[in-house]
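Visitor: Sharing a structure here in structure tokens format.
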Amino acid sequence: MERKLLTKDSYRSLITKLIGQNYQVVAPVKKDTMIDFLKISSFDEITEDYIVTVSSAKTVAFPRNEKLFDYEKQNKKLTQQDFDFDSIPQSVLIGVRPCDAFGFHSLSSIFCWDSIDKIYTTRLERTTIIGLSCNKADDYCFCTSAKGSPGSTAGSDILLTKMTDGNYIAEIVTEKGAKLVADFSDLFTADGGADKESLLAKVAANFSVDDVLAKINSKFEDEAFWTEQAMRCIGCGACAYVCPTCACFDIQDESHGGKGHRVRCWDSCGLSLFTLHTSGHNPRENQGQRWRQRLMHKFSYMPDRLNTIGCVGCGRCSRACPVDMNIAEHCMSIIEN
Amino acid sequence: METNNTNSFEPKVVAFVCNWCTYAGADLTGTSRIKYATNVKIIRFPCTGRIDFMLLMKAFANGADGIIISGCHPNDCHYTSGNFHARRRWMIFRNLLDFIGVDVNRIVFSWVSAAEGAKWAEVVNESVDQFRQLGPATSYQKLIKNSEFQEVE
Amino acid sequence: MNNLQQKAQQLLESGNYGLIVGYEKGTSGKARPVFIRKAEHASKLIFDESCDQNIAVYLYRQEIKHNKKKVIVANHHTLKSIVELAAENQVFDGDFMVLAFAENGDIIELNTFEEIEKHVATLYHGLTEAEAAMMKKIEDMSLEDRWAFWENEFSKCIKCYACRASCPMCYCPTCTVEINQPQWISVPSHTLGNLEWHVMRAMHLAGRCVTCGQCGKACPLELPIQLLTYKVALDSKQFFDSVAGTSICADNALAIFKPEDHENFIR
């Protein structure tokens, strides 16, 4: 993998030039009390003072609301306006943590499973992901247990690692990344050969996700286990909405009179309404069954069918959870029980 | 109808009225041939107690510039106490709207009995004037427009 | 072992109680709800300032309801919510015992609703200084600024419904947002629909909110949505002299009326 040096000044000019060239630049921004991915119009809006953002980077390819088409009915005549692919901007997503960047891999495997989701793939194709290695971690991080690492290049097009002098090591991972570097070749200089490993955060590997994968299927019918696991869970959708790999969505029509549009919006398997049938029957009638679905989907169904793990170890769900359902702990108790 | 020619804005007004008093009162306004502003679209309810605050939210969300709510005078409710319950709800709702920054002058509450045809015309005319002064409910309309599409915020 | 843990151990060993709902140490110094069934697990229980979550929300949960003999370790938010839930017939007298704490840290056993009500009467009802300051900050803004403030906040809402799920008073098996004929609240999370959702949530809590602020604490995006329910709670007190969570036989402020209710805005 090719390594270059990107000085802090060059980083600033890179972002400034990208904005100048009408790229949609999305970066972690401190807004009110939170740090989240937002569209920026100047380099100074960017912050690097975060472990992970509140919401995941998936919003760039899988926004919380995606308008699929418009419709209008007039005098019994229906006109439909399809999705305008030209409206998808060329984007550069910066400051993405390695866990988040790897999340796109899981997400893509779902959206390209049997039929290709053209809107998702086009959004992702037009996005260049510039990752940022982690130099700090907290109690929620467990990427090393989920086959990731604070400096993993998987999923990023370019991965930056901040050095102690404030400059960055730039690893060029994909062709898309190489193209961006070629476009701004004067900003990237020869690499000084700094030791990347020493710059990374230390995340202890408390368990191996392979053990979870090996064990979880045998737990499926153990209802008492899942009930106990989900006792605390109050059944909101926070975990799924902030998760970088959760892909469940709902399709809704929003109409005003004869005019309206169809929207794809996030949904969560933790909500009781998710599986409710029209008949009134609910195949997942208690929170234990819903929590089981969440874990089974990530650690059994996705590995089985899509050959990828549905968890990247970012710990967002645990941070967002109002009752501190820590997914790493739940994984460990699956292994132990 | 006399309109203010210096101002071309005509507010869209929805009136939520009870069947027994105000609707009958509005009928009397008509049969008495009293003219009043045509901006108002009347929606008839069994009782003011039935006028849920969500209906008012939906009126705004569908482009109303002002809302009139009217029913029987206290102690005159056809169902004895529907208007008393409604009044409590409005007291809370009105303050909550004010708290989130909605101009509560866009909602006019009144008691109009079946005998008060003239009062109904007066309430509507004065309310429409008030809404005209306030101008279009642009802040709400901006929300309606934004609700159509949200990419990366 | 501290007093609470000892007490819990005794209760479970006695065989008279089968489940204790309380707090344990969670991730990163946070406290979280815990469910203890065995005496040897009693040492997990903690009770300190970090235990500020309202756990009354678990009392009517299906998984817990069938445990006939249960104990709940309650902070003052939880206590008030239990009183309000009792007033709304969602929990039943004698179904559970409450372990509350006196100011000096002594454990108080509360077995009946009457005892709980009496104890709650000794607690402070109202907003903390910091909460009152936040309310004042917003009330002092101009109308336009208030609108801008809330528009910005509501635009961030992702409609995960953590606020609803964490509120002990949001116990309806089917919420208005789950009704789709008509669709009162839009499912996609855009600002307009979010505003309608939060206004509706606040209105449905009028006269019922015990101002525990759990909705705001639960919000993953840290929206100050608890201020909306504080507003309706303060207004209920001002207009109707109704404070939720004070009386086990109180009628809901919006379910009753007085002919002499004072209003000055109806013409």
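Ordering of the structure tokens sets the chain letters (A, B, ...), residue numbers begin anew at 1 in every chain, and ligands are numbered from 1 in the order given.
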Tell me the residues of chain A close to chain B, meaning within 12 Å using only C-alpha atoms, as a ChimeraX atom specification.
Guide: /A:24-29,31,36-40,55-70,87-89,91,93,123,253-257,259-265
Visitor: Show me which bits of chain A are within 8 Å of chain C, counting only C-alpha atoms, as JSON, numbers by chain.
Guide: {"A": [33, 34, 54, 64, 65, 139, 140, 227, 231, 232, 234, 235, 236, 237, 238, 241, 252, 254, 263, 264, 265, 266, 273, 319, 320, 321, 322, 323, 324, 326]}
Visitor: Quick one: pull the distance between CA of Phe299 in chain A and CA of Asp211 in chain A, Å, one decimal.
Guide: 10.0 Å
Visitor: May I have the residues of chain C within 6 Å of chain B, counting only C-alpha atoms, written as a VMD selection string?
Guide: chain C and resid 143 146 to 147 190 192 257 266 to 267
Visitor: Can you pull out the residues contacting Thr29 in chain B? Cut-off 10 Å, using only C-alpha atoms, and skip same-chain residues under 4 positions away; I want them as a count of residues only.
Guide: 15
Visitor: Return as an MDAnalysis selection string the full set of residues in range 29-60 of chain C whose backbone-based DSSP assignment is strand (DSSP E).
Guide: chainID C and resid 31:36
Visitor: Got time to write the residues from that selection, N, CA and C atoms, as a tab-separated table (two decimals), in the first residue's frame?
Guide:
```
chain	number	residue	atom	x	y	z
C	31	ALA	N	-24.64	4.29	35.98
C	31	ALA	CA	-25.44	3.26	36.65
C	31	ALA	C	-26.49	2.77	35.67
C	32	ARG	N	-26.92	1.55	35.85
C	32	ARG	CA	-27.97	1.04	34.96
C	32	ARG	C	-28.89	0.11	35.73
C	33	PRO	N	-30.09	-0.11	35.22
C	33	PRO	CA	-31.05	-0.97	35.92
C	33	PRO	C	-30.53	-2.40	35.96
C	34	VAL	N	-30.85	-3.09	37.05
C	34	VAL	CA	-30.46	-4.49	37.17
C	34	VAL	C	-31.62	-5.26	37.79
C	35	PHE	N	-31.68	-6.54	37.50
C	35	PHE	CA	-32.77	-7.38	38.00
C	35	PHE	C	-32.13	-8.55	38.75
C	36	ILE	N	-32.33	-8.57	40.04
C	36	ILE	CA	-31.66	-9.56	40.88
C	36	ILE	C	-32.66	-10.60	41.37
```
Visitor: Nearest to Cys249 in chain C: which of C:Leu99, C:Ala39, C:Ala87, C:Cys51 is it, counting only C-alpha atoms?
Guide: C:Ala87
Visitor: For the alpha helix (DSSP H) assignment from backbone DSSP, which residues of range 65-145 of chain A qualify? Please present them as a ChimeraX atom specification.
Guide: /A:98-111,118-125
Visitor: With N, CA, C and O atoms retained, export the selected residues as a PDB file, in the first residue's frame.
Guide:
```
ATOM      1  N   PRO A  98     -12.031   3.992  11.357  1.00  0.00           N
ATOM      2  CA  PRO A  98     -11.916   2.707  10.654  1.00  0.00           C
ATOM      3  C   PRO A  98     -13.124   1.790  10.867  1.00  0.00           C
ATOM      4  O   PRO A  98     -13.536   1.084   9.937  1.00  0.00           O
ATOM      5  N   CYS A  99     -13.706   1.811  12.083  1.00  0.00           N
ATOM      6  CA  CYS A  99     -14.871   0.946  12.321  1.00  0.00           C
ATOM      7  C   CYS A  99     -16.021   1.350  11.416  1.00  0.00           C
ATOM      8  O   CYS A  99     -16.691   0.516  10.796  1.00  0.00           O
ATOM      9  N   ASP A 100     -16.245   2.666  11.343  1.00  0.00           N
ATOM     10  CA  ASP A 100     -17.321   3.199  10.526  1.00  0.00           C
ATOM     11  C   ASP A 100     -17.113   2.885   9.046  1.00  0.00           C
ATOM     12  O   ASP A 100     -18.036   2.523   8.328  1.00  0.00           O
ATOM     13  N   ALA A 101     -15.864   3.062   8.607  1.00  0.00           N
ATOM     14  CA  ALA A 101     -15.535   2.812   7.206  1.00  0.00           C
ATOM     15  C   ALA A 101     -15.778   1.351   6.861  1.00  0.00           C
ATOM     16  O   ALA A 101     -16.324   1.023   5.801  1.00  0.00           O
ATOM     17  N   PHE A 102     -15.425   0.466   7.786  1.00  0.00           N
ATOM     18  CA  PHE A 102     -15.667  -0.948   7.543  1.00  0.00           C
ATOM     19  C   PHE A 102     -17.164  -1.267   7.531  1.00  0.00           C
ATOM     20  O   PHE A 102     -17.611  -2.204   6.866  1.00  0.00           O
ATOM     21  N   GLY A 103     -17.931  -0.451   8.243  1.00  0.00           N
ATOM     22  CA  GLY A 103     -19.382  -0.633   8.264  1.00  0.00           C
ATOM     23  C   GLY A 103     -19.993  -0.600   6.881  1.00  0.00           C
ATOM     24  O   GLY A 103     -20.988  -1.286   6.605  1.00  0.00           O
ATOM     25  N   PHE A 104     -19.409   0.189   5.984  1.00  0.00           N
ATOM     26  CA  PHE A 104     -19.943   0.265   4.617  1.00  0.00           C
ATOM     27  C   PHE A 104     -19.862  -1.085   3.914  1.00  0.00           C
ATOM     28  O   PHE A 104     -20.651  -1.378   3.028  1.00  0.00           O
ATOM     29  N   HIS A 105     -18.879  -1.887   4.314  1.00  0.00           N
ATOM     30  CA  HIS A 105     -18.732  -3.206   3.720  1.00  0.00           C
ATOM     31  C   HIS A 105     -19.953  -4.068   4.056  1.00  0.00           C
ATOM     32  O   HIS A 105     -20.573  -4.675   3.176  1.00  0.00           O
ATOM     33  N   SER A 106     -20.324  -4.085   5.343  1.00  0.00           N
ATOM     34  CA  SER A 106     -21.493  -4.850   5.771  1.00  0.00           C
ATOM     35  C   SER A 106     -22.764  -4.298   5.136  1.00  0.00           C
ATOM     36  O   SER A 106     -23.631  -5.046   4.675  1.00  0.00           O
ATOM     37  N   LEU A 107     -22.857  -2.985   5.142  1.00  0.00           N
ATOM     38  CA  LEU A 107     -24.045  -2.327   4.597  1.00  0.00           C
ATOM     39  C   LEU A 107     -24.200  -2.650   3.112  1.00  0.00           C
ATOM     40  O   LEU A 107     -25.283  -2.983   2.636  1.00  0.00           O
ATOM     41  N   SER A 108     -23.081  -2.587   2.377  1.00  0.00           N
ATOM     42  CA  SER A 108     -23.126  -2.868   0.942  1.00  0.00           C
ATOM     43  C   SER A 108     -23.524  -4.311   0.689  1.00  0.00           C
ATOM     44  O   SER A 108     -24.238  -4.610  -0.271  1.00  0.00           O
ATOM     45  N   SER A 109     -23.076  -5.224   1.549  1.00  0.00           N
ATOM     46  CA  SER A 109     -23.415  -6.618   1.304  1.00  0.00           C
ATOM     47  C   SER A 109     -24.920  -6.831   1.427  1.00  0.00           C
ATOM     48  O   SER A 109     -25.482  -7.709   0.781  1.00  0.00           O
ATOM     49  N   ILE A 110     -25.579  -6.010   2.237  1.00  0.00           N
ATOM     50  CA  ILE A 110     -27.038  -6.122   2.332  1.00  0.00           C
ATOM     51  C   ILE A 110     -27.703  -5.461   1.128  1.00  0.00           C
ATOM     52  O   ILE A 110     -28.574  -6.040   0.486  1.00  0.00           O
ATOM     53  N   PHE A 111     -27.262  -4.254   0.819  1.00  0.00           N
ATOM     54  CA  PHE A 111     -27.910  -3.514  -0.267  1.00  0.00           C
ATOM     55  C   PHE A 111     -27.591  -4.090  -1.650  1.00  0.00           C
ATOM     56  O   PHE A 111     -28.202  -3.695  -2.631  1.00  0.00           O
ATOM     57  N   LYS A 118     -29.844   0.638  -6.356  1.00  0.00           N
ATOM     58  CA  LYS A 118     -29.111   1.584  -7.191  1.00  0.00           C
ATOM     59  C   LYS A 118     -28.856   2.926  -6.497  1.00  0.00           C
ATOM     60  O   LYS A 118     -27.817   3.548  -6.695  1.00  0.00           O
ATOM     61  N   ILE A 119     -29.818   3.340  -5.690  1.00  0.00           N
ATOM     62  CA  ILE A 119     -29.643   4.626  -5.019  1.00  0.00           C
ATOM     63  C   ILE A 119     -28.491   4.545  -4.022  1.00  0.00           C
ATOM     64  O   ILE A 119     -27.598   5.388  -4.008  1.00  0.00           O
ATOM     65  N   TYR A 120     -28.502   3.484  -3.220  1.00  0.00           N
ATOM     66  CA  TYR A 120     -27.427   3.308  -2.240  1.00  0.00           C
ATOM     67  C   TYR A 120     -26.068   3.211  -2.934  1.00  0.00           C
ATOM     68  O   TYR A 120     -25.117   3.900  -2.562  1.00  0.00           O
ATOM     69  N   THR A 121     -25.988   2.344  -3.958  1.00  0.00           N
ATOM     70  CA  THR A 121     -24.678   2.122  -4.585  1.00  0.00           C
ATOM     71  C   THR A 121     -24.187   3.385  -5.288  1.00  0.00           C
ATOM     72  O   THR A 121     -22.997   3.697  -5.237  1.00  0.00           O
ATOM     73  N   THR A 122     -25.104   4.126  -5.906  1.00  0.00           N
ATOM     74  CA  THR A 122     -24.676   5.364  -6.574  1.00  0.00           C
ATOM     75  C   THR A 122     -24.162   6.372  -5.557  1.00  0.00           C
ATOM     76  O   THR A 122     -23.140   7.024  -5.769  1.00  0.00           O
ATOM     77  N   ARG A 123     -24.873   6.479  -4.459  1.00  0.00           N
ATOM     78  CA  ARG A 123     -24.413   7.398  -3.406  1.00  0.00           C
ATOM     79  C   ARG A 123     -23.016   7.004  -2.929  1.00  0.00           C
ATOM     80  O   ARG A 123     -22.158   7.864  -2.754  1.00  0.00           O
ATOM     81  N   LEU A 124     -22.826   5.712  -2.732  1.00  0.00           N
ATOM     82  CA  LEU A 124     -21.527   5.271  -2.224  1.00  0.00           C
ATOM     83  C   LEU A 124     -20.439   5.433  -3.281  1.00  0.00           C
ATOM     84  O   LEU A 124     -19.323   5.846  -2.969  1.00  0.00           O
ATOM     85  N   GLU A 125     -20.783   5.110  -4.552  1.00  0.00           N
ATOM     86  CA  GLU A 125     -19.807   5.260  -5.635  1.00  0.00           C
ATOM     87  C   GLU A 125     -19.313   6.697  -5.744  1.00  0.00           C
ATOM     88  O   GLU A 125     -18.152   6.944  -6.049  1.00  0.00           O
TER      89      GLU A 125
END
```
Visitor: List as JSON, numbers by chain the protein and nucleic acid residues near range 151-166 of chain A, meaning an atom at most 9 Å away when only C-alpha atoms are counted, but skip any in the same chain fewer than 5 places from it.
Guide: {"A": [6, 7, 8, 95, 96, 97, 98, 99, 100, 101, 102, 103, 104, 105, 128, 129, 130, 131, 132, 133, 134, 135, 171, 172, 173, 174, 175, 176, 177, 178, 180, 181, 194, 196, 197, 199, 200, 201]}
Visitor: Hey, can you spit out that residue selection with N, CA, C and O atoms as a compact mmCIF listing (two decimals), in the first residue's frame?
Guide:
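What landed in again34.txt:
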```txt
# COMPACT_ATOMS: atom_id res chain seq x y z
N LEU A 6 0.83 13.94 4.36
CA LEU A 6 -0.06 15.08 4.15
C LEU A 6 0.12 16.01 5.34
O LEU A 6 -0.26 15.68 6.45
N THR A 7 0.72 17.15 5.10
CA THR A 7 0.95 18.06 6.22
C THR A 7 -0.38 18.70 6.61
O THR A 7 -1.33 18.70 5.84
N LYS A 8 -0.39 19.27 7.83
CA LYS A 8 -1.66 19.85 8.29
C LYS A 8 -2.09 21.01 7.39
O LYS A 8 -3.28 21.20 7.15
N GLY A 95 -12.80 12.18 8.06
CA GLY A 95 -12.81 11.94 9.50
C GLY A 95 -13.56 10.67 9.89
O GLY A 95 -14.00 10.55 11.03
N VAL A 96 -13.68 9.74 8.96
CA VAL A 96 -14.40 8.51 9.26
C VAL A 96 -13.48 7.56 10.01
O VAL A 96 -12.38 7.27 9.56
N ARG A 97 -13.94 7.06 11.14
CA ARG A 97 -13.14 6.11 11.91
C ARG A 97 -13.10 4.76 11.19
O ARG A 97 -14.06 4.40 10.50
N PRO A 98 -12.03 3.99 11.36
CA PRO A 98 -11.92 2.71 10.65
C PRO A 98 -13.12 1.79 10.87
O PRO A 98 -13.54 1.08 9.94
N CYS A 99 -13.71 1.81 12.08
CA CYS A 99 -14.87 0.95 12.32
C CYS A 99 -16.02 1.35 11.42
O CYS A 99 -16.69 0.52 10.80
N ASP A 100 -16.25 2.67 11.34
CA ASP A 100 -17.32 3.20 10.53
C ASP A 100 -17.11 2.88 9.05
O ASP A 100 -18.04 2.52 8.33
N ALA A 101 -15.86 3.06 8.61
CA ALA A 101 -15.53 2.81 7.21
C ALA A 101 -15.78 1.35 6.86
O ALA A 101 -16.32 1.02 5.80
N PHE A 102 -15.43 0.47 7.79
CA PHE A 102 -15.67 -0.95 7.54
C PHE A 102 -17.16 -1.27 7.53
O PHE A 102 -17.61 -2.20 6.87
N GLY A 103 -17.93 -0.45 8.24
CA GLY A 103 -19.38 -0.63 8.26
C GLY A 103 -19.99 -0.60 6.88
O GLY A 103 -20.99 -1.29 6.60
N PHE A 104 -19.41 0.19 5.98
CA PHE A 104 -19.94 0.26 4.62
C PHE A 104 -19.86 -1.08 3.91
O PHE A 104 -20.65 -1.38 3.03
N HIS A 105 -18.88 -1.89 4.31
CA HIS A 105 -18.73 -3.21 3.72
C HIS A 105 -19.95 -4.07 4.06
O HIS A 105 -20.57 -4.67 3.18
N THR A 128 -16.01 9.56 -1.79
CA THR A 128 -14.65 9.14 -1.47
C THR A 128 -14.49 9.21 0.05
O THR A 128 -14.80 10.25 0.65
N ILE A 129 -14.07 8.10 0.62
CA ILE A 129 -14.00 8.04 2.09
C ILE A 129 -12.56 8.25 2.56
O ILE A 129 -11.68 7.46 2.24
N ILE A 130 -12.35 9.34 3.25
CA ILE A 130 -11.04 9.60 3.84
C ILE A 130 -11.14 9.27 5.33
O ILE A 130 -11.77 9.99 6.09
N GLY A 131 -10.58 8.15 5.71
CA GLY A 131 -10.66 7.70 7.09
C GLY A 131 -9.68 8.43 7.98
O GLY A 131 -8.77 9.13 7.50
N LEU A 132 -9.86 8.28 9.28
CA LEU A 132 -8.94 8.86 10.26
C LEU A 132 -8.73 7.85 11.37
O LEU A 132 -9.68 7.48 12.06
N SER A 133 -7.50 7.36 11.49
CA SER A 133 -7.20 6.36 12.52
C SER A 133 -7.51 6.90 13.91
O SER A 133 -7.45 8.11 14.13
N CYS A 134 -7.81 5.99 14.82
CA CYS A 134 -8.15 6.43 16.18
C CYS A 134 -6.88 6.60 17.00
O CYS A 134 -6.05 5.69 17.05
N ASN A 135 -6.79 7.74 17.65
CA ASN A 135 -5.68 7.90 18.59
C ASN A 135 -6.17 7.86 20.03
O ASN A 135 -5.40 7.99 20.97
N GLU A 171 -2.44 6.77 3.85
CA GLU A 171 -2.32 5.48 3.18
C GLU A 171 -3.35 5.44 2.06
O GLU A 171 -4.54 5.66 2.31
N ILE A 172 -2.88 5.18 0.86
CA ILE A 172 -3.80 5.18 -0.29
C ILE A 172 -4.27 3.76 -0.52
O ILE A 172 -3.50 2.88 -0.89
N VAL A 173 -5.57 3.53 -0.22
CA VAL A 173 -6.07 2.17 -0.13
C VAL A 173 -6.69 1.70 -1.44
O VAL A 173 -6.46 0.58 -1.89
N THR A 174 -7.49 2.54 -2.06
CA THR A 174 -8.22 2.10 -3.25
C THR A 174 -7.87 2.98 -4.45
O THR A 174 -7.21 4.01 -4.31
N GLU A 175 -8.39 2.55 -5.60
CA GLU A 175 -8.18 3.35 -6.81
C GLU A 175 -8.83 4.71 -6.70
O GLU A 175 -8.33 5.72 -7.17
N LYS A 176 -10.01 4.71 -6.05
CA LYS A 176 -10.72 5.98 -5.86
C LYS A 176 -9.86 6.94 -5.04
O LYS A 176 -9.76 8.13 -5.34
N GLY A 177 -9.19 6.36 -4.04
CA GLY A 177 -8.29 7.15 -3.21
C GLY A 177 -7.11 7.65 -4.02
O GLY A 177 -6.70 8.82 -3.92
N ALA A 178 -6.56 6.75 -4.83
CA ALA A 178 -5.41 7.11 -5.67
C ALA A 178 -5.77 8.23 -6.64
O ALA A 178 -4.96 9.13 -6.90
N LEU A 180 -8.01 10.58 -6.18
CA LEU A 180 -8.08 11.85 -5.44
C LEU A 180 -6.67 12.38 -5.16
O LEU A 180 -6.41 13.57 -5.30
N VAL A 181 -5.77 11.46 -4.79
CA VAL A 181 -4.39 11.88 -4.53
C VAL A 181 -3.75 12.42 -5.81
O VAL A 181 -3.06 13.45 -5.80
N ALA A 194 7.22 7.30 9.41
CA ALA A 194 6.88 7.24 10.84
C ALA A 194 6.18 5.93 11.16
O ALA A 194 5.53 5.33 10.31
N LYS A 196 3.38 3.92 12.33
CA LYS A 196 1.94 4.15 12.47
C LYS A 196 1.39 3.49 13.74
O LYS A 196 0.61 4.11 14.47
N GLU A 197 1.81 2.26 14.00
CA GLU A 197 1.27 1.51 15.14
C GLU A 197 1.36 2.29 16.46
O GLU A 197 0.42 2.27 17.25
N LEU A 199 1.14 5.29 16.98
CA LEU A 199 0.26 6.45 17.04
C LEU A 199 -1.19 6.07 17.35
O LEU A 199 -2.04 6.91 17.60
N LEU A 200 -1.46 4.77 17.30
CA LEU A 200 -2.85 4.33 17.41
C LEU A 200 -3.30 4.13 18.85
O LEU A 200 -2.49 3.87 19.74
N ALA A 201 -4.62 4.24 19.04
CA ALA A 201 -5.20 3.97 20.36
C ALA A 201 -5.06 2.49 20.67
O ALA A 201 -4.98 1.67 19.76
```
Visitor: Contacts of Ala253 in chain C at 8 Å or less, counting only C-alpha atoms, minus same-chain residues fewer than 3 places along, as a list of chain:residue names?
Guide: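 In the requested format, the answer is C:Ala206, C:Gly207, C:Arg208, C:Ser236, C:Phe240, C:Ser242, C:Ile256, C:Phe257.
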Visitor: Tell me which protein, DNA and RNA residues are within 10 Å of Asp129 in chain B, counting only C-alpha atoms, leaving out same-chain ones fewer than 4 positions away, and put them as a PyMOL selection string.
Guide: chain B and resi 3-4+10-11+37+123-125+133-135
Visitor: Excluding Asp65 in chain B and any residue of its chain fewer than 5 positions from it, enumerate the residues within 8 Å of it, using only C-alpha atoms, and give them as a ChimeraX atom specification.
Guide: /B:11-13,60,106,131,135-137
